[in-house]
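Below: the structure, in structure tokens.
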Amino acid sequence: MDEKIVIKNVNKFYGKKQALFDIDLTIEKGMFGLLGRNGAGKTTLMKTLAVLHKKKSGEITVCGVPIEKAKEIRAMTGYLPQDFSMYPNMKCDEALEYLGYLSCIPKIECKKRVTSLLRKVNLIEHRHKKVKELSGGMKRRLGIAQALIHEPKVLIVDEPTAGLDPEERIRFRNLLCEVAQERIVILSTHIVGDIEATCENIAIMDSGRILWKGTVHEILENVKGHIYTANVEKRFLPQIKNEYIVTGMLAQTDYVTVRIVSDSEPDLPNTVLTEPDLEGAYVYCLHSNGCDIVGGEK
Amino acid sequence: MMLFRKECGKIFCSLTYILYCLLVILMIISQYFIDSGQRLYPPSKGDYDYGEKIVEDHDLIMSTAADALTVEFLSNRYVCYPFGFYKAVHLDNEEQAKIEKYICEITGLDSTGIAEKKKSAEVCYITDGTHDYGEYAIRDMPISESMTYERFTDIMEDVDNILGGGSDYAVDGLVYQFSRVPMTYEDAVDDYNSIFNDDRVTNAYARLFGDYAGIVLAILPVFVAAALTAADRRRRMSELVYSRRSSSLRIVFTRFIALVTTMFIPVFVFMVIALIQILIRYNGSDIDMTAMFTLPTFWLLPNIMAATATGMLVTEILSAGAAILVQFVWWFMGLMAGGTAGLSGRIGKFTFICRHNALGNRNEFLMNWDNFVFNRVFYMVISIAAVLFTVGIYELKRGGSFNGIRLFGKGSIFRRKT
């Protein structure tokens with residue numbers, strides 16, 4: 001069976017409002033990042049892949065199985081929604097067992113997998129803690145464990161690191177990378193750092209459309225020659241933000257080093273063409289597709 | 001099986017279920033155990049009142065019903081209980097003429113004869129609480145020799161239709177309304193002996209238990225069912241469950257069976273307690289050891305199933321609050337209908353809350369046994385049908401084709417219209 005997800009000309013409507021426009025994507029084994037702003041249509045696409053939404057038109061096959069075969073797709077897909085919780089009074093292992101039984105896993109096998117997954121997500125010491133006693137990061141890790149309980153071929157995680165502290169975020173990214181050794185993992189996020197740290201293949205979405213798809217290396221190549229740094233006095237910052245797309249700033253003693261995305265060299269003192277980063281590439285992609293990016297970073 | 005156990009565990013730990021148990025305990029203790037608190041003793045000779053009994057006497061029915069119909073016709077005021085609610089019906093001239101024609105046919109009198117009865121009758125003034133009105137005291141209407149009981153029931157059926165239903169003349173209630181006679185001492189002794197010989201004690205107590213427990217079990221399960229069904233959404237757990245491999249049929253039916261099982265547990269415990277109480281109280285009597293379990297289970301399970309299915313279905317379509325409201329309206333109408341039926345054995349084919357608020361009167365109950373069996377099986381079948389419909393709704397929600405109908409708040413159907 002081919003281990004890839006093929007999405008062809010997929011359209012999705014909420015009533016009369018179109019949410020996805022002719023989406024075409026092929027997602028291979030390993031980590032795949034779906035990057036886009038809030039409201040870009042990432043969650044809609046994720047839910048469509050998890051059979052929680054129906055597409056209007058187009059074709060989707062998951063490891064060779066058409067998306068219309070919901071039961072088969074559910075059996076091979078693990079899903080961690082953006083906004084989720086579990087029964088607060090259940091203990092961690094009980095919650096996982098419950099979801100395991102809902103995935104039709106026999107009792108003995110289920111108990112084995114619960115122990116192994118809790119170990120994998122580093123929650124084995126908290127297995128008897130109630131869900132309501134877990135921190136945000138622990139809940140997310142428990143979320144990953146529940147999505148893996150039935151050993152799916154595809155793992156879909158939607159905005160998993162939002163609200164996590166830096167340490168938890170790094171831990172979570174590492175966990176995803178580890179999990180992606182054996183399966184397709186789709187990471188949907190608006191946080192560029194998460195994609196940069198974990199994914200080789202990415203797609204950028206906005207307003208229900210795919211703006212760009214390829215490898216991180218390709219998008220960085222694409223933006224070469226459009227990222228500049230300049231050292232400017234602090235008092236000129238508001239004016240510069242209005243005129244250019246500023247993607248980063250580094251405060252020095254008496255000046256600020258700004259990173260600017262621009263088609264041509266900015267008319268600023270000490271401007272230097274610099275090595276591109278994914279954040280700059282992402283912003284450039286949005287900018288070059290006519291997306292509204294007013295004033296850069298605020 | 002493991003999923004069933006997990007669902008039961010969820011229910012046992014929920015506050016709604018604990019409250020359900022407390023209310024069931026409170027209601028059964030305060031109603032059944034207080035009412036059945038003393039040992040039965042044989043009736044003593046010379047008592048003022050031994051109660052009433054129903055005798056299926058067609059002559060008596062025709063005679064009493066003819067009196068009642070004439071009284072109501074003369075004052076053009078017919079008391080009805082559509083859906084259990086009191087309603088005084090006043091007919092127009094054309095409908096009154098039809099009723100008069102029927103009275104003439106039943107009694108063999110003509111319009112003049114009826115008018116003479118009216119003239120010679122005393123007028124009693126009675127009140128319905130808000131209005132005083134006069135009623136002709138007529139107790140001796142004749143019955144035409146050519147009138148058969150079959151024709152009489154046809155007429156009564158038509159009269160009930162003219163009155164809009166819910167009248168005393170409804171055919172299935174004629175026996176209960178118009179064929180009651182006072183019990184004699186011998187009747188009371190027979191009734192007492194029947195409890196020991198025919199009912200073997202527990203059958204009589206099982207009927208009383210079913211009567212009292214049936215009232216609470218026709219409403220309380222909806223709270224637990226609605227709370228459990230809404231829990232996934234409230235706990236932001238829906239998508240985790242929706243994306244599982246289990247079919248919607250498996251998820252919904254497992255939850256339904258878990259709900260019915262857990263809610264039956266406190267009832268079962270009380271059945272055991274009631275049996276122990278009977279064994280202690282009637283030590284030495286010939287006691288049926290199974291009746292305290294079989295009859296109440298058959299009586300009460302459909303109530304739990306129906307209220308649970310309503311809770312699940314309406315919560316999936318609308319909300320938990322709407323489910324409780326729907327069940328409350330159904331329960332209230334059922335209770336009112338049960339009340340107007342005299343609380344004793346009059347069980348229709350579709351009576352939701354079956355009543356038999358007496359230890360004796362076995363014969364009255366058995367007169368409706370076929371209706372009772374049909375009724376209980378009917379409610380079990382429609383409960384399962386409702387759960388199957390819930391499965392369909394759940395499947396639609398799971399696939400994103402239906403999100404439920406919001407009555408209030410953001411996305412409410414009323415807001416969308418405005």
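As shown in the structure tokens, the chain order sets the letters A, B, ...; within each chain, residues go from 1, and ligands are also counted from 1 in the order they appear.
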Find the residues around stretch 78-94 of chain A up to 6 Å (only C-alpha atoms counted), leave out those fewer than 2 positions away in its own chain, and share them as an mmCIF file with N, CA and C atoms, in the first residue's frame.
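And here is the file that came out, part_19.cif:
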```
data_model
loop_
_atom_site.group_PDB
_atom_site.id
_atom_site.type_symbol
_atom_site.label_atom_id
_atom_site.label_comp_id
_atom_site.auth_asym_id
_atom_site.auth_seq_id
_atom_site.Cartn_x
_atom_site.Cartn_y
_atom_site.Cartn_z
ATOM 1 N N LEU A 96 -7.133 7.081 28.258
ATOM 2 C CA LEU A 96 -6.536 6.428 27.080
ATOM 3 C C LEU A 96 -7.198 5.079 26.809
ATOM 4 N N GLU A 97 -7.461 4.343 27.876
ATOM 5 C CA GLU A 97 -8.119 3.038 27.704
ATOM 6 C C GLU A 97 -9.493 3.221 27.074
ATOM 7 N N ARG A 127 0.367 8.607 35.394
ATOM 8 C CA ARG A 127 -0.711 7.800 34.819
ATOM 9 C C ARG A 127 -1.964 7.775 35.694
ATOM 10 N N HIS A 128 -1.791 7.914 37.004
ATOM 11 C CA HIS A 128 -2.952 7.873 37.894
ATOM 12 C C HIS A 128 -3.473 9.262 38.246
ATOM 13 N N LYS A 129 -2.902 10.276 37.600
ATOM 14 C CA LYS A 129 -3.385 11.635 37.833
ATOM 15 C C LYS A 129 -4.648 11.856 37.028
ATOM 16 N N LYS A 130 -5.554 12.648 37.567
ATOM 17 C CA LYS A 130 -6.757 12.974 36.802
ATOM 18 C C LYS A 130 -6.397 13.971 35.700
ATOM 19 N N VAL A 131 -7.144 13.920 34.612
ATOM 20 C CA VAL A 131 -6.851 14.783 33.462
ATOM 21 C C VAL A 131 -6.872 16.257 33.872
ATOM 22 N N LYS A 132 -7.793 16.595 34.787
ATOM 23 C CA LYS A 132 -7.910 18.003 35.178
ATOM 24 C C LYS A 132 -6.695 18.487 35.976
ATOM 25 N N ALA A 147 -4.006 9.875 20.198
ATOM 26 C CA ALA A 147 -4.064 9.812 18.732
ATOM 27 C C ALA A 147 -3.270 8.618 18.195
ATOM 28 N N LEU A 148 -2.335 8.104 19.032
ATOM 29 C CA LEU A 148 -1.490 6.991 18.576
ATOM 30 C C LEU A 148 -1.942 5.633 19.107
ATOM 31 N N PRO A 152 -1.914 4.391 14.264
ATOM 32 C CA PRO A 152 -2.367 4.828 12.934
ATOM 33 C C PRO A 152 -1.205 5.032 11.964
ATOM 34 N N LEU A 155 -0.913 10.626 11.295
ATOM 35 C CA LEU A 155 -1.220 11.392 12.499
ATOM 36 C C LEU A 155 -1.441 12.846 12.085
ATOM 37 N N ILE A 156 -2.595 13.373 12.478
ATOM 38 C CA ILE A 156 -2.925 14.758 12.124
ATOM 39 C C ILE A 156 -2.953 15.574 13.408
ATOM 40 N N VAL A 157 -2.082 16.569 13.504
ATOM 41 C CA VAL A 157 -2.062 17.413 14.705
ATOM 42 C C VAL A 157 -2.304 18.857 14.302
ATOM 43 N N ASP A 158 -3.303 19.434 14.942
ATOM 44 C CA ASP A 158 -3.746 20.773 14.560
ATOM 45 C C ASP A 158 -3.357 21.777 15.650
ATOM 46 N N GLU A 159 -2.479 22.692 15.326
ATOM 47 C CA GLU A 159 -2.017 23.737 16.257
ATOM 48 C C GLU A 159 -1.650 23.145 17.627
ATOM 49 N N ARG B 236 -15.408 19.139 25.417
ATOM 50 C CA ARG B 236 -14.605 19.313 24.183
ATOM 51 C C ARG B 236 -13.935 17.986 23.790
ATOM 52 N N MET B 237 -14.710 16.949 23.865
ATOM 53 C CA MET B 237 -14.208 15.604 23.633
ATOM 54 C C MET B 237 -14.812 15.020 22.348
#
```
Checklist entry - Taking only C-alpha atoms into account, which residues of chain B are within 10 Å of chain A, as an NGL selection string? => result :B and (1-7 or 9-10 or 13-14 or 231-247 or 250-251 or 396-402)
Selection: 7 Å around stretch 257-273 of chain B, only C-alpha atoms, excl. self and same-chain fewer than 5 positions, as an mmCIF file with N, CA, C and O atoms, in the first residue's frame:
```
data_model
loop_
_atom_site.group_PDB
_atom_site.id
_atom_site.type_symbol
_atom_site.label_atom_id
_atom_site.label_comp_id
_atom_site.auth_asym_id
_atom_site.auth_seq_id
_atom_site.Cartn_x
_atom_site.Cartn_y
_atom_site.Cartn_z
ATOM 1 N N PHE B 4 -18.604 -0.937 27.298
ATOM 2 C CA PHE B 4 -19.807 -0.866 28.136
ATOM 3 C C PHE B 4 -19.421 -0.575 29.588
ATOM 4 O O PHE B 4 -20.006 0.293 30.240
ATOM 5 N N GLU B 7 -18.342 3.000 29.938
ATOM 6 C CA GLU B 7 -19.480 3.928 29.910
ATOM 7 C C GLU B 7 -20.215 3.891 31.249
ATOM 8 O O GLU B 7 -20.619 4.940 31.759
ATOM 9 N N CYS B 8 -20.371 2.693 31.802
ATOM 10 C CA CYS B 8 -21.021 2.573 33.118
ATOM 11 C C CYS B 8 -20.203 3.339 34.168
ATOM 12 O O CYS B 8 -20.757 4.056 34.998
ATOM 13 N N CYS B 21 -30.041 8.848 41.715
ATOM 14 C CA CYS B 21 -30.193 7.781 42.716
ATOM 15 C C CYS B 21 -30.864 8.320 43.975
ATOM 16 O O CYS B 21 -31.775 7.695 44.522
ATOM 17 N N PRO B 221 -34.771 9.598 34.347
ATOM 18 C CA PRO B 221 -33.680 9.128 33.475
ATOM 19 C C PRO B 221 -33.273 10.139 32.397
ATOM 20 O O PRO B 221 -32.131 10.135 31.942
ATOM 21 N N ALA B 225 -29.450 10.847 30.984
ATOM 22 C CA ALA B 225 -29.196 10.594 29.559
ATOM 23 C C ALA B 225 -28.760 11.875 28.856
ATOM 24 O O ALA B 225 -27.791 11.869 28.076
ATOM 25 N N MET B 292 -41.758 -10.112 42.406
ATOM 26 C CA MET B 292 -41.275 -8.777 42.762
ATOM 27 C C MET B 292 -40.197 -8.301 41.780
ATOM 28 O O MET B 292 -39.839 -7.127 41.760
ATOM 29 N N PHE B 293 -39.661 -9.233 40.991
ATOM 30 C CA PHE B 293 -38.647 -8.850 39.990
ATOM 31 C C PHE B 293 -39.239 -8.793 38.584
ATOM 32 O O PHE B 293 -38.962 -7.865 37.833
ATOM 33 N N ILE B 304 -37.871 3.680 31.730
ATOM 34 C CA ILE B 304 -36.460 4.096 31.736
ATOM 35 C C ILE B 304 -35.955 4.188 30.295
ATOM 36 O O ILE B 304 -35.279 5.150 29.921
ATOM 37 N N MET B 305 -36.303 3.182 29.498
ATOM 38 C CA MET B 305 -35.825 3.168 28.106
ATOM 39 C C MET B 305 -36.357 4.364 27.326
ATOM 40 O O MET B 305 -35.612 5.028 26.590
#
```
Checklist entry - Do you know which residues are at most 12 Å from B:Glu95 counting only C-alpha atoms, after dropping those on the same chain fewer than 3 positions away, and could you put them as a PyMOL selection string? => result chain B and resi 73+76+89-92+98-102+158-164
So that I have them on file, write out the residues from the current selection with C-alpha atoms, as a CSV table (one decimal), in the first residue's frame.
```
chain,number,residue,atom,x,y,z
B,73,PHE,CA,-76.8,17.6,27.3
B,76,ASN,CA,-74.9,21.9,27.4
B,89,VAL,CA,-67.1,21.6,26.2
B,90,HIS,CA,-70.1,23.6,25.0
B,91,LEU,CA,-71.7,22.4,21.7
B,92,ASP,CA,-73.4,24.4,19.0
B,98,LYS,CA,-77.0,15.1,17.2
B,99,ILE,CA,-76.5,14.4,20.9
B,100,GLU,CA,-80.3,14.7,21.4
B,101,LYS,CA,-80.9,12.3,18.6
B,102,TYR,CA,-78.6,9.8,20.2
B,158,ASP,CA,-69.5,9.2,18.0
B,159,VAL,CA,-70.4,11.2,21.0
B,160,ASP,CA,-66.8,11.2,22.2
B,161,ASN,CA,-65.7,12.4,18.7
B,162,ILE,CA,-68.3,15.2,18.7
B,163,LEU,CA,-66.9,16.3,22.1
B,164,GLY,CA,-63.4,16.3,20.7
```
Item to check | DSSP-assigned alpha helix (DSSP H) among stretch 47-246 of chain A, expressed as a VMD selection string | outcome: chain A and resid 47 to 49 70 to 76 92 to 102 107 to 120 136 to 148 166 to 179 192 to 198 216 to 223 237 to 243
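What separates atom CA of B:Gly311 from atom CA of B:Ser30 is a distance of 26.2 Å.
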Checklist entry - Could you state the separation of atom CA of B:Ala227 and atom CA of B:Leu15 in Å, given to one decimal place? => result 9.5 Å
Checklist entry - Which residues come within 8 Å of B:Ile219, counting only C-alpha atoms, excluding same-chain residues fewer than 5 positions away, as a ChimeraX atom specification? => result /B:307,327-328,331
Next on the checklist: So the first atom is atom CA of A:Glu168 and the second is atom CA of A:Lys139; what is the distance between them in Å, to one decimal place?
Outcome noted: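 So the two atoms, atom CA of A:Glu168 and atom CA of A:Lys139, lie 10.9 Å apart.
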Next on the checklist: Residues near B:Thr153, anyone? I mean within 10 Å using only C-alpha atoms, not counting same-chain ones fewer than 5 positions away, as a VMD selection string.
Outcome noted: chain B and resid 62 148 158 to 159 169 to 172 174
Suppose we keep all heavy atoms; can you now write the selection as a compact mmCIF listing (two decimals), in the first residue's frame?
```
# COMPACT_ATOMS: atom_id res chain seq x y z
N MET B 62 -75.02 1.14 30.19
CA MET B 62 -75.91 1.91 29.32
C MET B 62 -76.79 2.84 30.14
O MET B 62 -76.97 4.01 29.79
CB MET B 62 -76.77 0.94 28.48
CG MET B 62 -75.96 0.23 27.41
SD MET B 62 -76.94 -0.49 26.11
CE MET B 62 -77.63 -1.90 26.92
N THR B 148 -78.96 -2.37 21.52
CA THR B 148 -77.96 -3.40 21.83
C THR B 148 -76.69 -2.71 22.35
O THR B 148 -76.48 -1.52 22.09
CB THR B 148 -77.59 -4.21 20.58
OG1 THR B 148 -77.00 -3.32 19.64
CG2 THR B 148 -78.80 -4.89 19.98
N ASP B 158 -69.15 7.96 18.73
CA ASP B 158 -69.46 9.17 17.96
C ASP B 158 -69.62 10.37 18.89
O ASP B 158 -69.17 11.48 18.59
CB ASP B 158 -70.74 8.93 17.15
CG ASP B 158 -70.79 9.86 15.95
OD1 ASP B 158 -69.72 10.34 15.52
OD2 ASP B 158 -71.90 10.14 15.45
N VAL B 159 -70.25 10.13 20.05
CA VAL B 159 -70.42 11.22 21.03
C VAL B 159 -69.04 11.73 21.46
O VAL B 159 -68.80 12.94 21.52
CB VAL B 159 -71.24 10.72 22.25
CG1 VAL B 159 -71.16 11.72 23.40
CG2 VAL B 159 -72.69 10.48 21.85
N TYR B 169 -67.26 9.26 27.73
CA TYR B 169 -67.96 8.33 26.84
C TYR B 169 -67.01 7.58 25.88
O TYR B 169 -67.48 6.82 25.03
CB TYR B 169 -69.05 9.08 26.03
CG TYR B 169 -69.88 9.95 26.95
CD1 TYR B 169 -69.72 11.33 26.97
CD2 TYR B 169 -70.77 9.37 27.86
CE1 TYR B 169 -70.45 12.12 27.85
CE2 TYR B 169 -71.50 10.16 28.75
CZ TYR B 169 -71.33 11.53 28.74
OH TYR B 169 -72.03 12.30 29.63
N ALA B 170 -65.73 7.83 26.01
CA ALA B 170 -64.76 7.09 25.19
C ALA B 170 -64.96 5.60 25.45
O ALA B 170 -65.08 5.18 26.62
CB ALA B 170 -63.35 7.52 25.56
N VAL B 171 -65.01 4.81 24.39
CA VAL B 171 -65.44 3.41 24.51
C VAL B 171 -64.56 2.62 25.48
O VAL B 171 -65.06 1.86 26.31
CB VAL B 171 -65.47 2.74 23.11
CG1 VAL B 171 -65.81 1.26 23.24
CG2 VAL B 171 -66.49 3.43 22.24
N ASP B 172 -63.23 2.85 25.40
CA ASP B 172 -62.35 2.05 26.26
C ASP B 172 -62.47 2.42 27.75
O ASP B 172 -61.92 1.72 28.60
CB ASP B 172 -60.89 2.14 25.78
CG ASP B 172 -60.36 3.56 25.86
OD1 ASP B 172 -61.14 4.48 26.15
OD2 ASP B 172 -59.14 3.73 25.63
N LEU B 174 -65.64 3.16 29.19
CA LEU B 174 -67.04 3.04 29.63
C LEU B 174 -67.16 2.18 30.89
O LEU B 174 -67.87 2.53 31.82
CB LEU B 174 -67.89 2.43 28.50
CG LEU B 174 -68.19 3.38 27.32
CD1 LEU B 174 -68.91 2.62 26.21
CD2 LEU B 174 -69.00 4.58 27.77
```
Checklist entry - Could you name the residues that touch A:Gly36 at 6 Å or less, counting only C-alpha atoms, but leaving out those on the same chain fewer than 2 positions away, as a PyMOL selection string? => result chain A and resi 40+190+204-206
Checklist outcome for this item: Closest of B:Ile34, B:Leu19, B:Val387, B:Ile155 to B:Leu69, counting only C-alpha atoms, is B:Ile155
Checklist entry - For B:Gln277, which residue among B:Ala226, B:Gln38, B:Gln31, B:Leu295 is the nearest when counting only C-alpha atoms? => result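 Smallest separation from B:Gln277 among the options: B:Gln38.
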